[in-house]
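Asks: What follows is a single structure, and I will ask about it in a moment.
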Amino acid sequence: MRESQQTSVQSGPRITLARALRAENLRLRHSRLIPLHLVCALGAGITCGTYFAISPWDPAMGSDAFVQLLGAMMPLMAGIICGLDADAEGTDTAYANLLAMPSRIRIFTARVGTLWLRGALALALAVSTFAVILLLAGRQTLGLEAWAGAIAGLAFGSIPLYILFYVLALRWDRNTAIVVGAIGLLLALFSVGGLAHGLVTGELTSARISVLSFLPTSWAALLGSLPLELAIAQTATGLAAAGHVTAVLGIGLCGCLATSLVFSVLAGWWFSRFEARKIES
């Protein structure tokens, strides 16, 4: 009898990753997280783009500072998004959508991947809005390739954040994820010398790697900024500086990839053993 029950559980319905992703997109279609992404992305792009369009600052260095700020904000934003989503899941369904199916790791991958994709699209919207405003003001000095690299770097550098903060939110609660995200924001800012440090000094601050540059909370700011700094170095500071930025970019990409893989394995191992905690109303 016991063996038949185990066989029944193991042979229960399994969901493919594609179906899990589709289900997650349907789940989030009317979620409050979508307007939150839109408001934050448009607000950041319009506000900062308008400022640098009319201010006397070098628009190229201003663009670098803006992308660094976006990247530094990602630990906090990922903490908020993952915290709110995990909290709603626990309150509304007692984690049934995550734990009811045998394909736990696929469900978890789809959940985190869908939230990350929403964040990546918001980053693309913020950067595109900023760049278009500079273009309309006649102050756009960076090429399309640099902007595409910045968007890709911001998105890629955010992958380990969503994995980490969803686990934190499930293991403890949304407040833990948000607090750790706020600490990550500060660490990311310090990793590039502080808010707008490069804008004031004219230095390519992301290329000046430090110990803080290798923290998972710094990858988004680092990888988002470096494509812009590479374009600046190629036109303003010479081949030697451009070669250094390229080398740092390669180190950052490898580091972020390794971090994402390690976090994925650890998160999958932990989530396969996760037991739902009681949510207090």
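Letters for chains follow the order of the structure tokens (A, B, ...), residue numbers begin at 1 for each chain, and ligand numbers begin at 1 in the order shown.
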Which residues are close to range 25-29 of chain A, i.e. within 7 Å by only C-alpha atoms, leaving aside same-chain residues fewer than 3 positions away? Reply as a ChimeraX atom specification.
Replies: /A:21-22,114
Asks: Keeping only N, CA and C atoms, take the residues you just selected and write them out as a tab-separated table (two decimals), in the first residue's frame.
Replies:
```
chain	number	residue	atom	x	y	z
A	21	LEU	N	6.16	28.65	-17.32
A	21	LEU	CA	6.38	30.05	-17.68
A	21	LEU	C	5.08	30.70	-18.16
A	22	ARG	N	4.31	29.96	-18.95
A	22	ARG	CA	3.04	30.50	-19.43
A	22	ARG	C	2.08	30.74	-18.27
A	114	THR	N	10.29	34.62	-14.48
A	114	THR	CA	9.26	35.56	-14.92
A	114	THR	C	9.42	36.91	-14.23
```
Asks: Could you jot down the CA of His37 in chain A to CA of Arg118 in chain A separation for me, Å, one decimal place?
Replies: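 Separating CA of His37 in chain A from CA of Arg118 in chain A is a distance of 7.4 Å.
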Asks: Return the single residue from A:Ala86, A:Leu226, A:Ala258, A:Leu38 that is closest to Gly243 in chain A, with distances computed using only C-alpha atoms.
Replies: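 Looking only at the distances to Gly243 in chain A, the closest residue turns out to be A:Leu226.
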Asks: As a list in words, please: the residues near range 228-242 of chain A (cut-off 10 Å, only C-alpha atoms, same-chain neighbours under 6 positions excluded).
Replies: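 What passes the distance filter is Ala60, Met61, Ser63, Asp64, Ala65, Val67, Thr141, Leu142, Gly143, Glu145, Ala146, Trp147, Ala148, Gly149, Ala150, Glu203, Leu204, Thr205, Ser206, Ala207, Val248 and Leu249 of chain A.
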Asks: Could you save those same residues with N, CA, C and O atoms as a CSV table (one decimal), in the first residue's frame?
Replies:
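The resulting file, selection.csv, is reproduced below:
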```
chain,number,residue,atom,x,y,z
A,60,ALA,N,27.7,62.1,-21.7
A,60,ALA,CA,28.2,60.7,-21.6
A,60,ALA,C,28.4,60.2,-20.2
A,60,ALA,O,28.0,59.1,-19.8
A,61,MET,N,29.1,61.1,-19.4
A,61,MET,CA,29.3,60.7,-18.0
A,61,MET,C,28.0,60.7,-17.2
A,61,MET,O,27.8,59.9,-16.3
A,63,SER,N,25.2,59.7,-18.5
A,63,SER,CA,24.6,58.5,-18.9
A,63,SER,C,25.2,57.3,-18.0
A,63,SER,O,24.4,56.4,-17.6
A,64,ASP,N,26.5,57.4,-17.9
A,64,ASP,CA,27.1,56.4,-17.0
A,64,ASP,C,26.6,56.4,-15.6
A,64,ASP,O,26.3,55.4,-15.0
A,65,ALA,N,26.5,57.6,-15.1
A,65,ALA,CA,26.0,57.8,-13.7
A,65,ALA,C,24.6,57.2,-13.6
A,65,ALA,O,24.2,56.6,-12.6
A,67,VAL,N,23.1,54.9,-15.4
A,67,VAL,CA,23.0,53.4,-15.5
A,67,VAL,C,23.6,52.8,-14.2
A,67,VAL,O,23.1,51.8,-13.7
A,141,THR,N,25.5,61.2,-27.2
A,141,THR,CA,26.9,61.1,-27.7
A,141,THR,C,27.3,59.6,-27.7
A,141,THR,O,28.4,59.4,-28.2
A,142,LEU,N,26.5,58.7,-27.3
A,142,LEU,CA,26.9,57.3,-27.3
A,142,LEU,C,26.1,56.5,-28.3
A,142,LEU,O,25.0,56.8,-28.6
A,143,GLY,N,26.7,55.5,-28.8
A,143,GLY,CA,26.1,54.7,-29.9
A,143,GLY,C,25.1,53.7,-29.4
A,143,GLY,O,25.0,53.4,-28.2
A,145,GLU,N,25.1,50.6,-29.8
A,145,GLU,CA,25.7,49.4,-29.3
A,145,GLU,C,26.0,49.5,-27.8
A,145,GLU,O,25.9,48.6,-27.1
A,146,ALA,N,26.4,50.7,-27.4
A,146,ALA,CA,26.7,50.9,-26.0
A,146,ALA,C,25.5,50.8,-25.2
A,146,ALA,O,25.5,50.3,-24.1
A,147,TRP,N,24.4,51.4,-25.7
A,147,TRP,CA,23.1,51.4,-24.9
A,147,TRP,C,22.6,49.9,-24.8
A,147,TRP,O,22.1,49.5,-23.8
A,148,ALA,N,22.7,49.2,-25.9
A,148,ALA,CA,22.2,47.8,-25.9
A,148,ALA,C,23.1,47.0,-24.9
A,148,ALA,O,22.6,46.1,-24.2
A,149,GLY,N,24.4,47.3,-24.9
A,149,GLY,CA,25.2,46.6,-23.9
A,149,GLY,C,24.9,46.9,-22.5
A,149,GLY,O,24.9,46.1,-21.6
A,150,ALA,N,24.5,48.2,-22.3
A,150,ALA,CA,24.2,48.6,-20.9
A,150,ALA,C,22.9,47.9,-20.5
A,150,ALA,O,22.8,47.4,-19.3
A,203,GLU,N,36.0,60.2,-13.8
A,203,GLU,CA,36.7,58.9,-13.8
A,203,GLU,C,35.7,57.8,-14.3
A,203,GLU,O,34.5,58.0,-14.1
A,204,LEU,N,36.3,56.8,-14.9
A,204,LEU,CA,35.5,55.6,-15.2
A,204,LEU,C,35.4,54.7,-14.0
A,204,LEU,O,36.2,53.8,-13.9
A,205,THR,N,34.5,55.0,-13.1
A,205,THR,CA,34.6,54.3,-11.8
A,205,THR,C,34.2,52.9,-11.8
A,205,THR,O,34.7,52.1,-10.9
A,206,SER,N,33.4,52.4,-12.7
A,206,SER,CA,33.2,50.9,-12.7
A,206,SER,C,34.4,50.1,-13.1
A,206,SER,O,34.5,49.0,-12.7
A,207,ALA,N,35.3,50.7,-13.9
A,207,ALA,CA,36.5,50.1,-14.4
A,207,ALA,C,37.5,50.0,-13.3
A,207,ALA,O,38.5,49.2,-13.4
A,248,VAL,N,38.1,44.2,-17.6
A,248,VAL,CA,37.2,44.3,-16.4
A,248,VAL,C,35.8,43.7,-16.8
A,248,VAL,O,35.2,43.0,-16.0
A,249,LEU,N,35.3,44.1,-18.0
A,249,LEU,CA,34.0,43.6,-18.4
A,249,LEU,C,34.0,42.1,-18.5
A,249,LEU,O,33.1,41.4,-18.1
```
Asks: Pick from A:Ala20, A:Cys48, A:Leu123, A:Leu168: nearest to Gly181 in chain A, with only C-alpha atoms counted?
Replies: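 Nearest candidate to Gly181 in chain A out of A:Ala20, A:Cys48, A:Leu123, A:Leu168: A:Leu168.
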Asks: Give me the residues near Arg104 in chain A as JSON, numbers by chain, where near means some atom within 12 Å (using only C-alpha atoms) and where sequence neighbours in that chain fewer than 2 positions away do not count.
Replies: {"A": [13, 14, 15, 16, 17, 20, 95, 96, 97, 98, 99, 100, 101, 102, 106, 107, 108, 109, 110, 111, 267, 268, 269, 270, 271, 272, 273, 274, 275]}
Asks: From the list A:Gly138, A:Gly43, A:Pro75, A:Gly224, which residue is nearest Ile163 in chain A when using only C-alpha atoms?
Replies: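 The shortest atom-to-atom distance to Ile163 in chain A comes from A:Pro75.
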Asks: Which of these residues is nearest to Ala155 in chain A, using only C-alpha atoms: A:Cys82, A:Ala44, A:Leu222, A:Ala23?
Replies: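 Looking at the shortest contact to Ala155 in chain A, the residue is A:Leu222.
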Asks: Write out as a list in words which residues come within 9 Å of Phe130 in chain A when counting only C-alpha atoms, dropping same-chain ones fewer than 4 positions away.
Replies: Leu42, Ala44, Gly45, Ile46, Thr47, Cys48, Gly49, Thr50, Phe52, Ser63, Phe66, Leu125, Ala126, Leu134 and Leu135 of chain A
Asks: Limited to N, CA, C and O atoms, could you put the picked residues into a file as a PDB file, in the first residue's frame?
Replies:
```pdb
ATOM      1  N   LEU A  42       9.556  54.411 -15.998  1.00  0.00           N
ATOM      2  CA  LEU A  42       9.280  55.685 -16.662  1.00  0.00           C
ATOM      3  C   LEU A  42       9.683  56.860 -15.781  1.00  0.00           C
ATOM      4  O   LEU A  42      10.219  57.870 -16.281  1.00  0.00           O
ATOM      5  N   ALA A  44      12.095  57.005 -13.526  1.00  0.00           N
ATOM      6  CA  ALA A  44      13.553  57.145 -13.529  1.00  0.00           C
ATOM      7  C   ALA A  44      14.050  57.669 -14.869  1.00  0.00           C
ATOM      8  O   ALA A  44      14.881  58.594 -14.923  1.00  0.00           O
ATOM      9  N   GLY A  45      13.548  57.099 -15.963  1.00  0.00           N
ATOM     10  CA  GLY A  45      14.017  57.510 -17.283  1.00  0.00           C
ATOM     11  C   GLY A  45      13.676  58.950 -17.612  1.00  0.00           C
ATOM     12  O   GLY A  45      14.518  59.710 -18.114  1.00  0.00           O
ATOM     13  N   ILE A  46      12.445  59.364 -17.326  1.00  0.00           N
ATOM     14  CA  ILE A  46      12.014  60.720 -17.649  1.00  0.00           C
ATOM     15  C   ILE A  46      12.703  61.752 -16.753  1.00  0.00           C
ATOM     16  O   ILE A  46      13.213  62.776 -17.232  1.00  0.00           O
ATOM     17  N   THR A  47      12.744  61.479 -15.466  1.00  0.00           N
ATOM     18  CA  THR A  47      13.339  62.440 -14.521  1.00  0.00           C
ATOM     19  C   THR A  47      14.822  62.655 -14.803  1.00  0.00           C
ATOM     20  O   THR A  47      15.290  63.796 -14.960  1.00  0.00           O
ATOM     21  N   CYS A  48      15.573  61.563 -14.864  1.00  0.00           N
ATOM     22  CA  CYS A  48      17.019  61.680 -15.077  1.00  0.00           C
ATOM     23  C   CYS A  48      17.351  62.131 -16.495  1.00  0.00           C
ATOM     24  O   CYS A  48      18.280  62.914 -16.709  1.00  0.00           O
ATOM     25  N   GLY A  49      16.582  61.639 -17.482  1.00  0.00           N
ATOM     26  CA  GLY A  49      16.826  62.064 -18.860  1.00  0.00           C
ATOM     27  C   GLY A  49      16.610  63.554 -19.040  1.00  0.00           C
ATOM     28  O   GLY A  49      17.402  64.242 -19.697  1.00  0.00           O
ATOM     29  N   THR A  50      15.541  64.069 -18.464  1.00  0.00           N
ATOM     30  CA  THR A  50      15.261  65.509 -18.566  1.00  0.00           C
ATOM     31  C   THR A  50      16.347  66.320 -17.873  1.00  0.00           C
ATOM     32  O   THR A  50      16.795  67.365 -18.389  1.00  0.00           O
ATOM     33  N   PHE A  52      19.587  65.553 -17.332  1.00  0.00           N
ATOM     34  CA  PHE A  52      20.842  65.584 -18.079  1.00  0.00           C
ATOM     35  C   PHE A  52      20.688  66.218 -19.462  1.00  0.00           C
ATOM     36  O   PHE A  52      21.674  66.609 -20.074  1.00  0.00           O
ATOM     37  N   SER A  63      25.160  59.735 -18.514  1.00  0.00           N
ATOM     38  CA  SER A  63      24.559  58.454 -18.875  1.00  0.00           C
ATOM     39  C   SER A  63      25.153  57.326 -18.049  1.00  0.00           C
ATOM     40  O   SER A  63      24.448  56.428 -17.576  1.00  0.00           O
ATOM     41  N   PHE A  66      23.734  57.484 -14.588  1.00  0.00           N
ATOM     42  CA  PHE A  66      22.348  57.011 -14.542  1.00  0.00           C
ATOM     43  C   PHE A  66      22.284  55.494 -14.549  1.00  0.00           C
ATOM     44  O   PHE A  66      21.535  54.886 -13.760  1.00  0.00           O
ATOM     45  N   LEU A 125      13.150  49.716 -20.540  1.00  0.00           N
ATOM     46  CA  LEU A 125      12.285  50.876 -20.712  1.00  0.00           C
ATOM     47  C   LEU A 125      12.913  52.121 -20.101  1.00  0.00           C
ATOM     48  O   LEU A 125      12.894  53.206 -20.711  1.00  0.00           O
ATOM     49  N   ALA A 126      13.487  51.999 -18.919  1.00  0.00           N
ATOM     50  CA  ALA A 126      14.114  53.144 -18.254  1.00  0.00           C
ATOM     51  C   ALA A 126      15.291  53.667 -19.063  1.00  0.00           C
ATOM     52  O   ALA A 126      15.422  54.885 -19.296  1.00  0.00           O
ATOM     53  N   LEU A 134      17.678  62.286 -24.303  1.00  0.00           N
ATOM     54  CA  LEU A 134      18.951  62.910 -24.670  1.00  0.00           C
ATOM     55  C   LEU A 134      19.047  63.106 -26.182  1.00  0.00           C
ATOM     56  O   LEU A 134      19.556  64.133 -26.657  1.00  0.00           O
ATOM     57  N   LEU A 135      18.570  62.130 -26.946  1.00  0.00           N
ATOM     58  CA  LEU A 135      18.602  62.230 -28.399  1.00  0.00           C
ATOM     59  C   LEU A 135      17.755  63.394 -28.890  1.00  0.00           C
ATOM     60  O   LEU A 135      18.180  64.178 -29.751  1.00  0.00           O
TER      61      LEU A 135
END
```
Asks: If you run DSSP over the backbone, which residues in range 90-252 of chain A end up alpha helix (DSSP H)? Put them as a PyMOL selection string.
Replies: chain A and resi 90-93+96-99+104-136+144-171+174-191+197-201+219-232+239-252
